[in-house]
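I have placed the structure first, in the form of structure tokens, so that the comments after it can refer back to it.
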Amino acid sequence: MSLDSQIDDLLGLQFPKYKCTSARRELMRFLALVASAPSKTYSPSPDVDKAWHCLLLDPVLYFDVCTQIRNFQNKDKKLKGRSILISHNPKGAQDPRTERRDRYESTLLAYKRSYFESAPSDFWPENYAMQEEEKGSSEDEAESTDDTNQEPATKKVKIVEKETLAERIKKITLTIKSTKCGDFRVSVFLRSAMKELYDYYVRKMGGEMEGCYFTFNGERLRALNDSVLSFGLDDEDVITAHEVLGDANSEMITITIKEFSVGDLYFRIKPTTKISRVLEEFEKRCKFVKGSHYFKFNGENCADDETFADLEIADGGVIDACKRESGC
């Protein structure tokens, strides 16, 4: 009997037959997340925890499952002393509610990052953490009724906690307008990094990371490690995806670099080339001291980590090379 069939037989103790395959899939995905992170990073949903307990009823089978997951993660290399078993810590249920809530939210986010889709709600209810928080809040408020002097402050704190939690697990639907893929809608957590949305779009259009950028209300979204919330995005907002000068991976442009002591120099580059790379080549070609110059475009200083596409410098663009001590 295959490993999957053995697992499904065990899960049949707690789940109807038609649901065993899905339960196995979600359990294996969760165990893979747990195996790749430090202890107490992730928490299962009630159904996934139930499936985990089923599997623990057969220690030999559980050992085989853990071995399979570890070998896959280590690409069949030696584990170098790491324990094969993926530890199940029942005492985690006794941790403070906020810790359990944060672990569950982290699990949902990690699931989406690892498997490129949201955790299915029939096994991973998004409101589970909220329900736990509201339940705990009610208990705490009931315990505090003996001290009337503390009741107003207690209620105020609980309201803040609920609002923060709602904000963390809230999802909004955005529309990405793209000339390459057409318009499409996507759901995203407010607390997710904008880079997750950007990576998703890049995978969908089959392009390179440097081949596009986002704008919202006419402004470029640059800090991709910041959360969606920090950009002021709301439900049903529209983001525009821009391609960088056509096919940024193959199209070349010619730029002119002007420096008063050497005249004009011409460079043939990709739009995605960084300013720092061309600046270094310019100083090397002119035999200038490294770091002695900087570039300006349209009177504005060019940052070293920006690309020519970032600055929207097209074919035939002219850049001024200035000596740092001259105040060009």
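Residue names in the structure tokens use chain letters A, B, ... in the order shown, residue numbers from 1 in each chain, and ligand numbers from 1 in the order shown.
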### Message
Report as an MDAnalysis selection string all protein, DNA and RNA residues lying within 7 Å of range 111-125 of chain A, evaluated on only C-alpha atoms, omitting residues in the same chain fewer than 4 positions from it.
### Response
chainID A and resid 45 47:48 107
### Task
Write down as a list of chain:residue names the residues of range 283-317 of chain A whose backbone DSSP state falls under helix (DSSP H, G or I).
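So the helix (DSSP H, G or I) residues in range 283-317 of chain A would be A:Glu283, A:Lys284, A:Arg285, A:Cys286.
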Write a file of the just-selected residues containing N, CA and C atoms, as a CSV table (one decimal), in the first residue's frame.
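Contents of part.csv, as written:
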```csv
chain,number,residue,atom,x,y,z
A,283,GLU,N,34.0,56.0,-15.8
A,283,GLU,CA,35.2,56.4,-15.1
A,283,GLU,C,36.4,55.6,-15.5
A,284,LYS,N,36.1,54.3,-15.8
A,284,LYS,CA,37.2,53.4,-16.2
A,284,LYS,C,37.7,53.8,-17.6
A,285,ARG,N,36.7,54.1,-18.5
A,285,ARG,CA,37.1,54.4,-19.9
A,285,ARG,C,37.8,55.8,-20.0
A,286,CYS,N,37.4,56.7,-19.1
A,286,CYS,CA,38.1,58.0,-19.1
A,286,CYS,C,39.3,58.1,-18.2
```
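Between Val188 in chain A and the candidates A:Cys66, A:Lys170, A:Pro59, A:Lys204, the tightest atom-to-atom separation, counting only C-alpha atoms, involves A:Lys170.
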Within 7 Å of range 296-304 of chain A using only C-alpha atoms, minus same-chain residues under 6 positions, as a PDB file with N, CA and C atoms, in the first residue's frame:
```pdb
ATOM      1  N   LYS A 274      21.897  49.286 -14.322  1.00  0.00           N
ATOM      2  CA  LYS A 274      21.928  50.235 -13.216  1.00  0.00           C
ATOM      3  C   LYS A 274      22.882  51.389 -13.512  1.00  0.00           C
ATOM      4  N   ILE A 275      22.548  52.545 -12.946  1.00  0.00           N
ATOM      5  CA  ILE A 275      23.381  53.733 -13.103  1.00  0.00           C
ATOM      6  C   ILE A 275      24.800  53.462 -12.628  1.00  0.00           C
ATOM      7  N   SER A 276      24.944  52.773 -11.507  1.00  0.00           N
ATOM      8  CA  SER A 276      26.266  52.517 -10.923  1.00  0.00           C
ATOM      9  C   SER A 276      27.179  51.772 -11.887  1.00  0.00           C
ATOM     10  N   ILE A 319      22.982  62.381 -20.661  1.00  0.00           N
ATOM     11  CA  ILE A 319      23.267  62.437 -19.236  1.00  0.00           C
ATOM     12  C   ILE A 319      24.498  63.311 -19.020  1.00  0.00           C
ATOM     13  N   ASP A 320      24.478  64.107 -17.977  1.00  0.00           N
ATOM     14  CA  ASP A 320      25.650  64.922 -17.609  1.00  0.00           C
ATOM     15  C   ASP A 320      26.464  64.182 -16.557  1.00  0.00           C
ATOM     16  N   ALA A 321      27.782  64.106 -16.778  1.00  0.00           N
ATOM     17  CA  ALA A 321      28.702  63.534 -15.794  1.00  0.00           C
ATOM     18  C   ALA A 321      29.374  64.689 -15.057  1.00  0.00           C
TER      19      ALA A 321
END
```
### Query
Distance CA of Met1 in chain A-CA of Asp49 in chain A, one decimal place?
24.5 Å
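Comparing A:Arg24, A:Lys171, A:Lys290, A:Lys91 by their smallest distance to Asn127 in chain A, the closest is A:Lys171 (using only C-alpha atoms).
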